[in-house]
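Here's the structure, in structure tokens; my notes come after.
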Amino acid sequence: MKVTSNDRIGCQLEEVAAYLDGELSAAALATFEEHLKSCPDCAAELRNQRQLLCTLDFALHEPRSFELPRDFTRVVAAHAENDLSGMRQWRERRRALQLCAALALVSFGLLGAASRTLVFDPARSFLRVTGSLISLVWQTIHDAGTGIAVIVRVVGRAVVFGSHGLWLLVALAFIVSLSLLPLLIAKYHRAQIVE
Ligand SMILES: [Zn+2]
């Protein structure tokens, strides 16, 4: 498996995760922030990941949306940690786990976010129901695409840097099961209706 990437020379995209986690040394932090000023790719990556983390954070701290244990990601991470070796790889794995969780949760926040955008965006408001639907679908596709792109990149990088294949399988199984979930729910509802 080969990752085709147009990353610039000097880009350390895995440092984005470390940067967000506050795990960079002082020297690495200065270097990375300097690089950010001149590199739109890394800046965009940082925006994407920060956005996903914000969504995750909001979802976890919004008590009315759904009930998820407060330390859910930490518990998942702690279990995963037993099988892992190496700080850098571990960080990438934890990031991928968080992103998977975020993807699952983003869908909950999307409805609210999309409708808020519609209310306050005068250009779209006159499109009414049709515009709302188009915008909602587009927003959903775009956000899901962004999240998946980040996950694919993280997983791809883990492979390129020689982590063992077990992790890749776990990540893929996680993503696949996430995407299968709506299908199962739909099937379940259909079965209910038939009965
Ligand atoms: Zn860069």
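Just remember, in the structure tokens the first chain shown is A, the second B, etc., residues are 1-based per chain, and ligands are 1-based in the order shown.
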
Closest pair table for chain A residues within 12 Å of ligand 1, only C-alpha atoms and all ligand atoms, as a Markdown table:
```
| residue | atom | partner | partner_atom_place_in_ligand_line | distance |
| --- | --- | --- | --- | --- |
| A:Asn6 | CA | ligand 1 | 1 (Zn) | 10.4 |
| A:Asp7 | CA | ligand 1 | 1 (Zn) | 7.0 |
| A:Arg8 | CA | ligand 1 | 1 (Zn) | 5.9 |
| A:Ile9 | CA | ligand 1 | 1 (Zn) | 7.5 |
| A:Gly10 | CA | ligand 1 | 1 (Zn) | 6.3 |
| A:Cys11 | CA | ligand 1 | 1 (Zn) | 3.7 |
| A:Gln12 | CA | ligand 1 | 1 (Zn) | 6.4 |
| A:Leu13 | CA | ligand 1 | 1 (Zn) | 6.9 |
| A:Glu14 | CA | ligand 1 | 1 (Zn) | 10.5 |
| A:Glu15 | CA | ligand 1 | 1 (Zn) | 9.9 |
| A:Val16 | CA | ligand 1 | 1 (Zn) | 9.6 |
| A:Thr31 | CA | ligand 1 | 1 (Zn) | 11.0 |
| A:Phe32 | CA | ligand 1 | 1 (Zn) | 8.5 |
| A:Glu33 | CA | ligand 1 | 1 (Zn) | 10.1 |
| A:Glu34 | CA | ligand 1 | 1 (Zn) | 10.0 |
| A:His35 | CA | ligand 1 | 1 (Zn) | 6.3 |
| A:Leu36 | CA | ligand 1 | 1 (Zn) | 6.4 |
| A:Lys37 | CA | ligand 1 | 1 (Zn) | 9.1 |
| A:Ser38 | CA | ligand 1 | 1 (Zn) | 7.6 |
| A:Cys39 | CA | ligand 1 | 1 (Zn) | 4.6 |
| A:Pro40 | CA | ligand 1 | 1 (Zn) | 6.9 |
| A:Asp41 | CA | ligand 1 | 1 (Zn) | 5.4 |
| A:Cys42 | CA | ligand 1 | 1 (Zn) | 4.3 |
| A:Ala43 | CA | ligand 1 | 1 (Zn) | 7.4 |
| A:Ala44 | CA | ligand 1 | 1 (Zn) | 9.3 |
| A:Glu45 | CA | ligand 1 | 1 (Zn) | 8.9 |
| A:Leu46 | CA | ligand 1 | 1 (Zn) | 10.0 |
```

Quick one: residues within 9 Å of Val150 in chain A, only C-alpha atoms counted, chain neighbours fewer than 6 positions away excluded, as a list in words?
Glu45, Asn48, Gln49, Ala96 and Leu99 of chain A

Would you kindly return, as a list of chain:residue names, each protein, DNA or RNA residue with an atom no farther than 9 Å from any atom of range 172-180 of chain A, considering only C-alpha atoms and excluding same-chain residues fewer than 6 positions away?
A:Leu97, A:Cys100, A:Leu103, A:Ala104, A:Val155

Generate a file of the selected residues that holds N, CA and C atoms, formatted as a short mmCIF file (atom, residue, chain, number, x, y, z; two decimals), in the first residue's frame.
```
data_model
loop_
_atom_site.label_atom_id
_atom_site.label_comp_id
_atom_site.auth_asym_id
_atom_site.auth_seq_id
_atom_site.Cartn_x
_atom_site.Cartn_y
_atom_site.Cartn_z
N LEU A 97 -8.04 7.16 16.90
CA LEU A 97 -9.17 6.76 17.73
C LEU A 97 -10.08 7.94 17.99
N CYS A 100 -11.99 8.82 14.89
CA CYS A 100 -13.10 7.88 14.67
C CYS A 100 -14.27 8.25 15.55
N LEU A 103 -15.84 11.41 14.28
CA LEU A 103 -16.67 11.17 13.09
C LEU A 103 -18.05 10.68 13.50
N ALA A 104 -18.07 9.75 14.45
CA ALA A 104 -19.34 9.20 14.89
C ALA A 104 -20.19 10.28 15.53
N VAL A 155 -3.87 6.91 9.12
CA VAL A 155 -3.68 5.47 8.99
C VAL A 155 -2.60 5.17 7.97
#
```

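Our summary of the geometry notes that CA of Ser25 in chain A is positioned 28.6 Å from CA of Leu60 in chain A.
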
Ranking A:Tyr188, A:Gly22, A:Arg95, A:Phe58 by minimum distance to Arg153 in chain A and counting only C-alpha atoms, which one comes first?
A:Arg95

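The shortest atom-to-atom distance to Ala171 in chain A, with only C-alpha atoms taken into account, belongs to A:Ile151 out of A:Ile151, A:Leu24, A:Ala18, A:Leu105.
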
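Using only C-alpha atoms, the smallest distance between any of A:Ile141, A:Arg47, A:Pro182, A:Ala59 and Tyr19 in chain A comes from A:Arg47.
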